[in-house]
file input_22.txt (compact mmCIF, C-alpha atoms and all ligand atoms)
# COMPACT_ATOMS: atom_id res chain seq x y z
CA MET H 1188 -179.83 -40.38 45.61
CA LYS H 1189 -179.89 -40.61 49.40
CA LYS H 1190 -183.35 -41.75 50.52
CA HIS H 1191 -185.65 -39.95 52.94
CA ASN H 1192 -185.40 -42.73 55.51
CA TYR H 1193 -188.54 -43.09 57.63
CA SER H 1194 -187.61 -46.53 58.94
CA ALA H 1195 -188.61 -47.30 62.54
CA GLY H 1196 -185.21 -48.75 63.45
CA PRO H 1197 -182.46 -49.38 62.55
CA CYS H 1198 -182.95 -46.01 60.99
CA ILE H 1199 -181.56 -42.67 59.96
CA LEU H 1200 -178.43 -41.39 61.71
CA PRO H 1201 -176.60 -38.06 61.32
CA GLN H 1202 -174.45 -37.92 58.18
CA GLU H 1203 -171.32 -37.11 60.19
CA VAL H 1204 -171.76 -40.39 62.08
CA PHE H 1205 -171.48 -42.28 58.79
CA ASP H 1206 -168.52 -40.19 57.63
CA LYS H 1207 -166.56 -40.57 60.86
CA SER H 1208 -167.50 -44.26 61.21
CA ALA H 1209 -166.31 -44.96 57.69
CA GLN H 1210 -162.98 -43.32 58.45
CA ALA H 1211 -162.66 -45.25 61.73
CA ILE H 1212 -163.39 -48.52 59.97
CA LEU H 1213 -160.58 -47.82 57.52
CA ASP H 1214 -158.06 -46.33 59.94
CA PHE H 1215 -158.99 -45.50 63.50
CA ASN H 1216 -157.22 -42.42 64.96
CA GLU H 1217 -154.41 -42.87 62.41
CA SER H 1218 -153.40 -46.01 64.29
CA GLY H 1219 -153.13 -48.18 61.20
CA LEU H 1220 -155.88 -50.32 62.71
CA SER H 1221 -159.62 -50.44 62.09
CA ILE H 1222 -162.10 -49.73 64.88
CA LEU H 1223 -163.36 -53.24 64.02
CA GLU H 1224 -160.08 -54.83 65.03
CA ILE H 1225 -158.86 -52.84 68.02
CA SER H 1226 -158.87 -54.40 71.48
CA HIS H 1227 -161.67 -53.31 73.76
CA ARG H 1228 -158.97 -53.04 76.44
CA SER H 1229 -156.89 -50.62 74.36
CA LYS H 1230 -156.41 -47.13 75.74
CA ASP H 1231 -158.28 -45.67 72.76
CA PHE H 1232 -161.36 -47.80 73.24
CA VAL H 1233 -161.47 -47.39 77.02
CA ALA H 1234 -161.50 -43.64 76.35
CA ILE H 1235 -164.44 -44.08 73.93
CA MET H 1236 -166.44 -46.10 76.44
CA ASP H 1237 -165.71 -43.63 79.24
CA GLU H 1238 -166.71 -40.64 77.13
CA ALA H 1239 -169.87 -42.34 75.82
CA ARG H 1240 -170.98 -43.21 79.36
CA ALA H 1241 -170.25 -39.73 80.67
CA LEU H 1242 -171.85 -37.94 77.71
CA ALA H 1243 -175.05 -39.97 77.93
CA LEU H 1244 -175.44 -38.89 81.57
CA GLU H 1245 -174.50 -35.29 80.76
CA LEU H 1246 -177.06 -34.98 77.95
CA LEU H 1247 -179.78 -36.39 80.20
CA GLY H 1248 -178.80 -34.03 83.03
CA LEU H 1249 -177.93 -36.94 85.30
CA GLU H 1250 -174.22 -36.51 85.93
CA GLY H 1251 -173.26 -36.39 89.60
CA LYS H 1252 -176.72 -37.57 90.65
CA GLY H 1253 -175.98 -41.17 91.60
CA TYR H 1254 -176.55 -42.67 88.14
CA GLN H 1255 -174.35 -44.96 86.06
CA ALA H 1256 -174.55 -45.43 82.30
CA LEU H 1257 -173.86 -48.83 80.76
CA PHE H 1258 -173.58 -49.93 77.15
CA LEU H 1259 -174.73 -53.55 77.15
CA ALA H 1260 -175.60 -56.10 74.48
CA GLY H 1261 -178.79 -58.13 74.05
CA GLY H 1262 -181.06 -55.28 72.96
CA ALA H 1263 -183.86 -53.69 74.93
CA SER H 1264 -185.41 -57.17 75.00
CA LEU H 1265 -182.72 -58.41 77.38
CA GLU H 1266 -183.56 -55.53 79.73
CA PHE H 1267 -187.13 -56.89 79.85
CA LEU H 1268 -185.67 -59.65 82.02
CA MET H 1269 -182.66 -57.94 83.60
CA VAL H 1270 -184.99 -55.39 85.22
CA PRO H 1271 -187.09 -57.94 87.16
CA TYR H 1272 -184.01 -60.06 87.88
CA ASN H 1273 -182.32 -57.10 89.57
CA LEU H 1274 -185.32 -55.37 91.14
CA MET H 1275 -188.12 -57.82 91.92
CA LYS H 1276 -187.80 -59.36 95.37
CA GLU H 1277 -188.41 -63.08 95.92
CA GLY H 1278 -192.14 -63.19 96.63
CA GLY H 1279 -192.43 -59.51 95.68
CA LYS H 1280 -194.38 -57.89 92.90
CA ALA H 1281 -193.91 -55.48 90.03
CA ALA H 1282 -196.34 -53.04 88.40
CA TYR H 1283 -196.46 -52.56 84.63
CA LEU H 1284 -198.31 -50.24 82.28
CA ASP H 1285 -199.37 -52.09 79.13
CA SER H 1286 -199.27 -49.49 76.37
CA GLY H 1287 -198.14 -51.58 73.40
CA THR H 1288 -196.47 -54.65 71.99
CA TRP H 1289 -193.08 -53.92 73.58
CA ALA H 1290 -194.63 -53.12 76.96
CA SER H 1291 -196.47 -56.42 76.85
CA GLY H 1292 -193.19 -58.14 75.91
CA ALA H 1293 -191.64 -56.71 79.08
CA ILE H 1294 -194.64 -57.92 81.12
CA LYS H 1295 -194.24 -61.44 79.74
CA GLU H 1296 -190.65 -61.62 80.97
CA ALA H 1297 -191.44 -60.14 84.41
CA LYS H 1298 -193.95 -62.93 84.97
CA PHE H 1299 -191.06 -65.43 85.11
CA PHE H 1300 -189.91 -63.71 88.30
CA GLY H 1301 -193.06 -63.14 90.32
CA GLU H 1302 -196.40 -61.38 90.58
CA THR H 1303 -196.73 -58.88 87.79
CA VAL H 1304 -199.62 -56.44 88.12
CA VAL H 1305 -200.78 -54.78 84.91
CA VAL H 1306 -202.09 -51.45 86.23
CA ALA H 1307 -203.83 -50.55 82.96
CA SER H 1308 -203.88 -51.60 79.33
CA SER H 1309 -205.08 -50.10 76.06
CA LYS H 1310 -204.87 -53.45 74.27
CA ASP H 1311 -208.64 -53.51 73.67
CA GLN H 1312 -208.29 -50.31 71.62
CA ASN H 1313 -205.38 -51.78 69.67
CA TYR H 1314 -203.09 -49.60 71.80
CA ASN H 1315 -204.18 -46.40 70.06
CA ASN H 1316 -203.84 -44.44 73.32
CA ILE H 1317 -201.88 -44.27 76.55
CA PRO H 1318 -203.95 -45.60 79.49
CA LYS H 1319 -204.55 -42.97 82.17
CA GLY H 1320 -206.12 -42.72 85.62
CA TYR H 1321 -204.65 -45.98 86.93
CA THR H 1322 -203.46 -46.79 90.43
CA VAL H 1323 -200.12 -48.40 91.15
CA PRO H 1324 -200.04 -50.79 94.15
CA THR H 1325 -197.93 -49.11 96.82
CA ASP H 1326 -196.20 -52.37 97.74
CA ALA H 1327 -194.79 -52.97 94.23
CA ASP H 1328 -190.99 -53.29 94.01
CA TYR H 1329 -191.00 -51.02 90.95
CA PHE H 1330 -193.18 -49.54 88.20
CA HIS H 1331 -192.34 -50.12 84.53
CA CYS H 1332 -193.56 -48.12 81.53
CA THR H 1333 -192.65 -47.58 77.88
CA SER H 1334 -192.28 -43.90 77.06
CA ASN H 1335 -192.89 -44.24 73.32
CA ASN H 1336 -194.80 -47.01 71.59
CA THR H 1337 -192.89 -47.34 68.34
CA ILE H 1338 -195.48 -49.50 66.60
CA PHE H 1339 -198.62 -47.55 67.54
CA GLY H 1340 -197.25 -44.00 67.53
CA THR H 1341 -198.24 -43.09 71.07
CA GLN H 1342 -196.10 -41.45 73.74
CA ILE H 1343 -196.44 -40.83 77.46
CA LYS H 1344 -196.54 -37.09 78.18
CA ASP H 1345 -196.96 -37.24 81.97
CA PHE H 1346 -195.27 -39.89 84.05
CA PRO H 1347 -196.72 -40.90 87.42
CA SER H 1348 -194.92 -39.66 90.47
CA LEU H 1349 -194.43 -42.71 92.70
CA ASP H 1350 -192.76 -43.75 95.89
CA MET H 1351 -190.91 -46.66 94.27
CA PRO H 1352 -188.31 -47.13 91.55
CA VAL H 1353 -189.63 -46.09 88.14
CA VAL H 1354 -188.24 -47.97 85.14
CA CYS H 1355 -188.74 -46.71 81.61
CA ASP H 1356 -188.11 -48.31 78.23
CA MET H 1357 -187.13 -45.26 76.14
CA SER H 1358 -185.91 -47.22 73.13
CA SER H 1359 -187.66 -45.07 70.57
CA ASP H 1360 -187.64 -41.58 72.06
CA ILE H 1361 -184.54 -41.24 74.21
CA PHE H 1362 -182.73 -37.91 73.66
CA SER H 1363 -185.70 -36.57 71.68
CA ARG H 1364 -187.43 -34.31 74.22
CA VAL H 1365 -186.73 -32.51 77.44
CA LEU H 1366 -187.87 -34.44 80.52
CA ASP H 1367 -186.85 -34.44 84.13
CA PHE H 1368 -184.86 -37.66 83.82
CA THR H 1369 -184.30 -37.80 87.58
CA GLN H 1370 -187.88 -39.09 87.89
CA PHE H 1371 -186.60 -42.42 86.55
CA ASP H 1372 -184.42 -44.95 88.35
CA ILE H 1373 -183.69 -47.10 85.31
CA ILE H 1374 -183.88 -45.94 81.71
CA TYR H 1375 -183.01 -48.33 78.92
CA ALA H 1376 -182.92 -47.92 75.16
CA GLY H 1377 -181.70 -50.02 72.27
CA ALA H 1378 -179.24 -47.90 70.30
CA GLN H 1379 -180.83 -48.42 66.90
CA LYS H 1380 -183.18 -45.43 66.87
CA ASN H 1381 -181.77 -42.20 68.25
CA MET H 1382 -178.26 -43.32 69.04
CA GLY H 1383 -176.46 -45.68 66.70
CA PRO H 1384 -176.46 -48.99 64.90
CA ALA H 1385 -178.13 -52.04 66.44
CA GLY H 1386 -175.93 -53.99 68.82
CA THR H 1387 -175.81 -52.06 72.04
CA THR H 1388 -178.34 -50.90 74.63
CA LEU H 1389 -177.89 -47.84 76.79
CA VAL H 1390 -178.91 -48.60 80.36
CA ILE H 1391 -178.98 -45.79 82.92
CA VAL H 1392 -179.25 -47.02 86.49
CA LYS H 1393 -179.59 -45.18 89.78
CA GLU H 1394 -177.12 -47.13 91.87
CA GLU H 1395 -178.94 -46.87 95.18
CA ILE H 1396 -181.84 -49.07 93.98
CA LEU H 1397 -179.58 -52.08 93.30
CA GLY H 1398 -178.69 -54.96 95.59
CA LYS H 1399 -182.10 -55.11 97.26
CA SER H 1400 -183.83 -58.00 95.49
CA GLY H 1401 -182.23 -60.72 97.62
CA ARG H 1402 -181.78 -62.81 94.48
CA THR H 1403 -178.64 -64.53 93.30
CA ILE H 1404 -178.23 -62.98 89.87
CA PRO H 1405 -176.14 -64.62 87.12
CA SER H 1406 -173.13 -62.34 86.60
CA ILE H 1407 -173.85 -61.30 83.04
CA LEU H 1408 -177.37 -60.19 84.07
CA ASP H 1409 -176.29 -58.33 87.19
CA TYR H 1410 -176.24 -54.53 86.84
CA GLU H 1411 -173.89 -54.20 89.80
CA LYS H 1412 -171.30 -56.42 88.08
CA HIS H 1413 -171.52 -54.34 84.90
CA ILE H 1414 -171.12 -51.10 86.88
CA LYS H 1415 -168.14 -52.45 88.79
CA ALA H 1416 -166.50 -53.46 85.49
CA GLU H 1417 -167.17 -49.99 84.03
CA SER H 1418 -169.34 -51.50 81.30
CA MET H 1419 -166.58 -53.92 80.28
CA TYR H 1420 -167.69 -57.04 82.16
CA ASN H 1421 -167.40 -58.88 78.88
CA THR H 1422 -166.31 -57.72 75.43
CA PRO H 1423 -168.61 -54.78 74.66
CA PRO H 1424 -170.00 -54.14 71.16
CA VAL H 1425 -167.04 -51.97 70.19
CA PHE H 1426 -168.29 -50.46 66.94
CA PRO H 1427 -171.91 -49.76 68.04
CA VAL H 1428 -170.55 -48.02 71.15
CA TYR H 1429 -168.19 -45.91 69.02
CA ALA H 1430 -170.95 -44.94 66.59
CA SER H 1431 -173.25 -44.14 69.53
CA LEU H 1432 -170.58 -41.83 70.93
CA LEU H 1433 -170.42 -40.03 67.57
CA THR H 1434 -174.20 -39.47 67.67
CA LEU H 1435 -174.03 -38.20 71.24
CA GLN H 1436 -171.24 -35.79 70.26
CA TRP H 1437 -173.37 -34.63 67.31
CA LEU H 1438 -176.28 -34.03 69.68
CA LYS H 1439 -174.12 -32.09 72.11
CA ASN H 1440 -172.77 -29.87 69.31
CA LEU H 1441 -176.33 -29.25 68.15
CA GLY H 1442 -177.16 -27.84 71.59
CA GLY H 1443 -178.35 -30.98 73.36
CA ILE H 1444 -181.84 -32.32 73.92
CA ALA H 1445 -183.48 -28.88 74.19
CA ALA H 1446 -182.19 -27.94 70.73
CA VAL H 1447 -183.20 -31.19 69.07
CA GLU H 1448 -186.62 -31.05 70.74
CA LYS H 1449 -187.31 -27.77 68.92
CA LEU H 1450 -186.42 -29.38 65.59
CA ASN H 1451 -188.53 -32.45 66.43
CA ASN H 1452 -191.50 -30.26 67.35
CA ALA H 1453 -191.28 -28.46 64.02
CA LYS H 1454 -191.19 -31.78 62.10
CA ASP H 1455 -194.14 -33.20 64.04
CA ALA H 1456 -196.19 -30.04 63.65
CA LEU H 1457 -195.63 -30.10 59.90
CA LEU H 1458 -196.64 -33.74 59.40
CA TYR H 1459 -199.52 -33.94 61.89
CA ALA H 1460 -200.99 -30.71 60.46
CA GLU H 1461 -201.11 -32.35 57.03
CA ILE H 1462 -202.56 -35.60 58.40
CA ASP H 1463 -205.33 -33.56 60.05
CA ARG H 1464 -205.89 -31.19 57.12
CA ASN H 1465 -205.80 -33.60 54.21
CA PRO H 1466 -209.24 -35.21 53.75
CA LEU H 1467 -207.63 -38.38 52.36
CA PHE H 1468 -205.81 -39.22 55.63
CA LYS H 1469 -206.50 -39.77 59.31
CA GLY H 1470 -204.21 -40.26 62.30
CA ALA H 1471 -204.16 -43.69 63.96
CA ALA H 1472 -203.31 -42.61 67.52
CA ALA H 1473 -205.33 -40.53 70.02
CA VAL H 1474 -204.39 -36.90 69.34
CA GLU H 1475 -203.31 -36.11 72.92
CA ASP H 1476 -200.99 -39.13 72.98
CA ARG H 1477 -199.33 -38.67 69.60
CA SER H 1478 -195.65 -39.54 69.45
CA ASN H 1479 -193.01 -36.99 68.48
CA MET H 1480 -191.00 -39.79 66.88
CA ASN H 1481 -193.39 -42.19 65.09
CA ALA H 1482 -196.46 -40.72 63.37
CA THR H 1483 -199.00 -43.41 62.44
CA PHE H 1484 -201.68 -42.60 59.87
CA LEU H 1485 -204.11 -44.27 57.50
CA LEU H 1486 -205.76 -43.56 54.17
CA ASN H 1487 -209.50 -43.08 54.56
CA ASN H 1488 -209.99 -44.94 51.30
CA PRO H 1489 -207.60 -47.92 51.00
CA GLU H 1490 -208.15 -47.86 47.23
CA HIS H 1491 -205.77 -44.89 47.10
CA ALA H 1492 -202.92 -46.98 48.52
CA ALA H 1493 -201.45 -48.16 45.22
CA THR H 1494 -201.24 -44.59 43.85
CA PHE H 1495 -199.85 -43.17 47.10
CA ASP H 1496 -197.27 -45.95 47.36
CA THR H 1497 -196.05 -45.32 43.82
CA MET H 1498 -195.81 -41.59 44.52
CA TRP H 1499 -193.82 -41.72 47.77
CA LYS H 1500 -191.44 -44.29 46.32
CA ALA H 1501 -190.85 -42.02 43.32
CA ALA H 1502 -190.11 -39.14 45.72
CA GLY H 1503 -187.26 -41.13 47.27
CA ILE H 1504 -189.06 -42.00 50.51
CA SER H 1505 -188.42 -45.34 52.17
CA GLY H 1506 -189.60 -47.14 55.27
CA ILE H 1507 -193.09 -45.68 55.76
CA PRO H 1508 -195.40 -48.70 55.51
CA GLY H 1509 -197.07 -49.17 58.91
CA HIS H 1510 -196.46 -52.12 61.19
CA ARG H 1511 -198.81 -54.99 60.34
CA SER H 1512 -200.69 -54.57 63.63
CA VAL H 1513 -201.77 -51.02 62.71
CA GLY H 1514 -201.60 -51.01 58.90
CA GLY H 1515 -201.46 -47.79 56.92
CA TYR H 1516 -198.30 -45.76 57.35
CA ARG H 1517 -195.75 -44.92 60.01
CA ALA H 1518 -193.38 -42.03 59.53
CA SER H 1519 -190.52 -42.34 62.00
CA MET H 1520 -188.89 -38.94 62.41
CA TYR H 1521 -185.93 -39.59 64.66
CA ASN H 1522 -183.50 -36.87 65.73
CA ALA H 1523 -181.35 -37.10 62.61
CA MET H 1524 -184.21 -36.65 60.14
CA PRO H 1525 -184.10 -33.20 58.52
CA ILE H 1526 -187.34 -31.24 58.22
CA GLU H 1527 -186.75 -31.14 54.45
CA SER H 1528 -187.49 -34.88 54.33
CA VAL H 1529 -190.76 -34.32 56.20
CA GLN H 1530 -191.65 -31.62 53.68
CA VAL H 1531 -191.12 -34.14 50.86
CA LEU H 1532 -193.66 -36.50 52.44
CA VAL H 1533 -196.15 -33.68 53.09
CA ASP H 1534 -195.82 -32.57 49.45
CA VAL H 1535 -196.57 -36.11 48.25
CA MET H 1536 -199.67 -36.22 50.47
CA LYS H 1537 -200.84 -32.92 48.97
CA GLU H 1538 -200.14 -34.15 45.43
CA LEU H 1539 -202.25 -37.23 46.09
CA GLU H 1540 -205.13 -35.02 47.15
CA ASN H 1541 -204.86 -33.10 43.86
CA LYS H 1542 -204.60 -36.28 41.82
CA VAL H 1543 -207.50 -38.46 43.04
N1 LIG O 1601 -188.87 -51.42 73.18
C1 LIG O 1601 -189.28 -50.58 72.22
C2 LIG O 1601 -190.08 -49.37 72.59
C3 LIG O 1601 -188.95 -50.85 70.89
O1 LIG O 1601 -189.35 -50.02 69.92
C4 LIG O 1601 -188.20 -52.01 70.57
C5 LIG O 1601 -187.83 -52.31 69.17
O2 LIG O 1601 -188.21 -51.66 68.25
C6 LIG O 1601 -187.82 -52.85 71.61
C7 LIG O 1601 -188.16 -52.53 72.91
C8 LIG O 1601 -187.02 -54.08 71.36
O3 LIG O 1601 -185.72 -53.70 71.16
P1 LIG O 1601 -184.54 -54.72 70.77
O4 LIG O 1601 -184.84 -55.19 69.40
O5 LIG O 1601 -183.33 -53.87 70.89
O6 LIG O 1601 -184.56 -55.84 71.75
call {"tool": "encode", "arguments": {"input": "input_22.txt", "output": "structure tokens", "more": "lines below"}}
Ligand code: PLP
result
Amino acid sequence: MKKHNYSAGPCILPQEVFDKSAQAILDFNESGLSILEISHRSKDFVAIMDEARALALELLGLEGKGYQALFLAGGASLEFLMVPYNLMKEGGKAAYLDSGTWASGAIKEAKFFGETVVVASSKDQNYNNIPKGYTVPTDADYFHCTSNNTIFGTQIKDFPSLDMPVVCDMSSDIFSRVLDFTQFDIIYAGAQKNMGPAGTTLVIVKEEILGKSGRTIPSILDYEKHIKAESMYNTPPVFPVYASLLTLQWLKNLGGIAAVEKLNNAKDALLYAEIDRNPLFKGAAAVEDRSNMNATFLLNNPEHAATFDTMWKAAGISGIPGHRSVGGYRASMYNAMPIESVQVLVDVMKELENKV
């Protein structure tokens, strides 16, 4: 039986991505070669890279607006340092919003490059909310935020409008909801949630903000070098890029971000309604900041955990134990998760209520 996969990432992907990937691993485009063994310089792979880059921009509504899409390696974690390397001036400063573990990981790396101002933090509340009402120093070289805090289940709903480059780590909610993506100058996201297998990171860069830091940047960390090489500065992660393209094509056929947002809203509404209704459970994140991708919740009485755990496992659910820093449960409902899987979880929560 195929599991209802609530894993936070790597995680569920559309079934057709598995089917087409499997075929491409066996025989790519009837070439007699596997996607795992073709040259990244082959005509077929260059076409995949070009289409993936173009489709990412198209889905985000950024084509023809001065942006470039790159598929890099090193995970979102490498972007934590590529961003300051490329944007923070010598002797300059950067502004960061500390909304979770990954945001604080980005802050740690920025500090290697210069003054790093944390404009607000919800660390004292174990990151159960998105800080609001902060001021960003006007002389910062850029502002960095994390749109969705995968571990804590919080999500930024309103982004500040600033007179400086805005950088956003969208690893866990990219392509999940309609936003005006032109408000960002750099967007980055590890593939392994809404896009593909681990191994590549989508980086969207507005070209005009580059080349201003005055730093000498090592080539492999220089966005301009990657753009010039059309995302082929070194051997790209061929298979993760191909699988990401398949997911982007799936999303386009579905009707794009607006269509998937509707499905995501229906899934969230179903699960959060049960968390709020069922007297055995409570949500972990501030209601107004709840994530549309990762719902974190707790049992009011931890003594019910053993029974609940046995029940959801028997229902074919996997991947819902919460991150150790929050405890309880985390249901990650990425784009590819069908609402039927959410219904299975809600039914188990109701059954628990009837049982204890
Ligand atoms: N940023 C966010 C919001 C994440 O959820 C994660 C991983 O889950 C990361 C960054 C780190 O990504 P990577 O493992 O690709 O470096």
call {"tool": "closest_residue", "arguments": {"input": "input_22.txt", "among": "H:Phe1495, H:Asp1326, H:Phe1267, H:His1331", "to": "H:Asp1285", "atoms": "only C-alpha atoms"}}
result
H:His1331
call {"tool": "residues_around", "arguments": {"input": "input_22.txt", "residues": "H:Ala1293", "least_positions_apart": "4", "cutoff": "10 Å", "atoms": "only C-alpha atoms", "output": "PyMOL selection string"}}
result
chain H and resi 1263-1268+1270-1271+1283-1285+1288-1289+1297-1298+1331-1333+1356
call {"tool": "closest_residue", "arguments": {"input": "input_22.txt", "among": "H:Arg1517, H:Lys1399, H:Lys1393, H:Lys1542", "to": "H:Gly1253", "atoms": "only C-alpha atoms"}}
result
H:Lys1393
call {"tool": "closest_residue", "arguments": {"input": "input_22.txt", "among": "H:Glu1527, H:Glu1395, H:Asp1367, H:Asp1496", "to": "H:Leu1539", "atoms": "all atoms listed in the file"}}
result
H:Asp1496
call {"tool": "closest_atom_pairs", "arguments": {"input": "input_22.txt", "of": "chain H", "to": "ligand LIG 1601 (chain O)", "cutoff": "9 Å", "atoms": "all atoms listed in the file", "output": "CSV"}}
result
residue,atom,partner,partner_atom,distance
H:Ala1195,CA,O:LIG1601,O2,7.2
H:Gly1196,CA,O:LIG1601,O2,6.4
H:Pro1197,CA,O:LIG1601,O2,8.4
H:Ala1260,CA,O:LIG1601,O5,8.8
H:Gly1261,CA,O:LIG1601,O6,6.6
H:Gly1262,CA,O:LIG1601,O5,3.4
H:Ala1263,CA,O:LIG1601,O6,3.9
H:Ser1264,CA,O:LIG1601,O6,3.6
H:Leu1265,CA,O:LIG1601,O6,6.5
H:Glu1266,CA,O:LIG1601,O6,8.0
H:Phe1267,CA,O:LIG1601,C7,8.3
H:Gly1287,CA,O:LIG1601,C2,8.4
H:Thr1288,CA,O:LIG1601,C1,8.3
H:Trp1289,CA,O:LIG1601,N1,4.9
H:Ala1290,CA,O:LIG1601,N1,7.1
H:Gly1292,CA,O:LIG1601,C7,8.1
H:Ala1293,CA,O:LIG1601,C7,8.2
H:Thr1333,CA,O:LIG1601,C2,6.1
H:Ser1334,CA,O:LIG1601,C2,7.4
H:Asn1335,CA,O:LIG1601,C2,5.9
H:Asn1336,CA,O:LIG1601,C2,5.4
H:Thr1337,CA,O:LIG1601,O1,4.7
H:Ile1338,CA,O:LIG1601,O1,7.0
H:Asp1356,CA,O:LIG1601,N1,6.0
H:Met1357,CA,O:LIG1601,C2,6.2
H:Ser1358,CA,O:LIG1601,C2,4.7
H:Ser1359,CA,O:LIG1601,O1,5.3
H:Asp1360,CA,O:LIG1601,C2,8.2
H:Tyr1375,CA,O:LIG1601,N1,8.8
H:Ala1376,CA,O:LIG1601,N1,7.2
H:Gly1377,CA,O:LIG1601,O5,4.4
H:Ala1378,CA,O:LIG1601,O5,7.3
H:Gln1379,CA,O:LIG1601,O5,7.2
H:Lys1380,CA,O:LIG1601,O2,8.1
H:Ala1385,CA,O:LIG1601,O5,7.1
H:Gly1386,CA,O:LIG1601,O5,7.7
H:Thr1387,CA,O:LIG1601,O5,7.8
H:Thr1388,CA,O:LIG1601,O5,6.9
call {"tool": "write_last_selection", "arguments": {"input": "input_22.txt", "atoms": "C-alpha atoms", "output": "compact mmCIF listing (two decimals), keeping the file's coordinate frame"}}
result
# COMPACT_ATOMS: atom_id res chain seq x y z
CA ALA H 1195 -188.61 -47.30 62.54
CA GLY H 1196 -185.21 -48.75 63.45
CA PRO H 1197 -182.46 -49.38 62.55
CA ALA H 1260 -175.60 -56.10 74.48
CA GLY H 1261 -178.79 -58.13 74.05
CA GLY H 1262 -181.06 -55.28 72.96
CA ALA H 1263 -183.86 -53.69 74.93
CA SER H 1264 -185.41 -57.17 75.00
CA LEU H 1265 -182.72 -58.41 77.38
CA GLU H 1266 -183.56 -55.53 79.73
CA PHE H 1267 -187.13 -56.89 79.85
CA GLY H 1287 -198.14 -51.58 73.40
CA THR H 1288 -196.47 -54.65 71.99
CA TRP H 1289 -193.08 -53.92 73.58
CA ALA H 1290 -194.63 -53.12 76.96
CA GLY H 1292 -193.19 -58.14 75.91
CA ALA H 1293 -191.64 -56.71 79.08
CA THR H 1333 -192.65 -47.58 77.88
CA SER H 1334 -192.28 -43.90 77.06
CA ASN H 1335 -192.89 -44.24 73.32
CA ASN H 1336 -194.80 -47.01 71.59
CA THR H 1337 -192.89 -47.34 68.34
CA ILE H 1338 -195.48 -49.50 66.60
CA ASP H 1356 -188.11 -48.31 78.23
CA MET H 1357 -187.13 -45.26 76.14
CA SER H 1358 -185.91 -47.22 73.13
CA SER H 1359 -187.66 -45.07 70.57
CA ASP H 1360 -187.64 -41.58 72.06
CA TYR H 1375 -183.01 -48.33 78.92
CA ALA H 1376 -182.92 -47.92 75.16
CA GLY H 1377 -181.70 -50.02 72.27
CA ALA H 1378 -179.24 -47.90 70.30
CA GLN H 1379 -180.83 -48.42 66.90
CA LYS H 1380 -183.18 -45.43 66.87
CA ALA H 1385 -178.13 -52.04 66.44
CA GLY H 1386 -175.93 -53.99 68.82
CA THR H 1387 -175.81 -52.06 72.04
CA THR H 1388 -178.34 -50.90 74.63
call {"tool": "closest_residue", "arguments": {"input": "input_22.txt", "among": "H:Ala1473, H:Ala1281, H:Gly1509, H:Val1304", "to": "H:Ile1343", "atoms": "all atoms listed in the file"}}
result
H:Ala1473
call {"tool": "decode", "arguments": {"input": "input_22.txt", "residues": "stretch 1322-1337 of chain H", "atoms": "C-alpha atoms", "output": "compact mmCIF listing (two decimals), in the first residue's frame"}}
result
# COMPACT_ATOMS: atom_id res chain seq x y z
CA THR H 1322 11.98 48.28 11.58
CA VAL H 1323 14.61 47.50 8.98
CA PRO H 1324 17.67 49.81 8.98
CA THR H 1325 17.49 51.84 5.78
CA ASP H 1326 21.23 51.50 5.16
CA ALA H 1327 21.18 47.67 5.04
CA ASP H 1328 22.48 46.10 1.82
CA TYR H 1329 19.53 43.69 1.82
CA PHE H 1330 16.77 42.18 3.97
CA HIS H 1331 16.49 38.41 4.40
CA CYS H 1332 13.46 36.43 5.56
CA THR H 1333 12.18 32.85 5.52
CA SER H 1334 8.68 32.63 4.08
CA ASN H 1335 7.75 29.34 5.74
CA ASN H 1336 9.25 27.90 8.90
CA THR H 1337 9.17 24.19 8.17
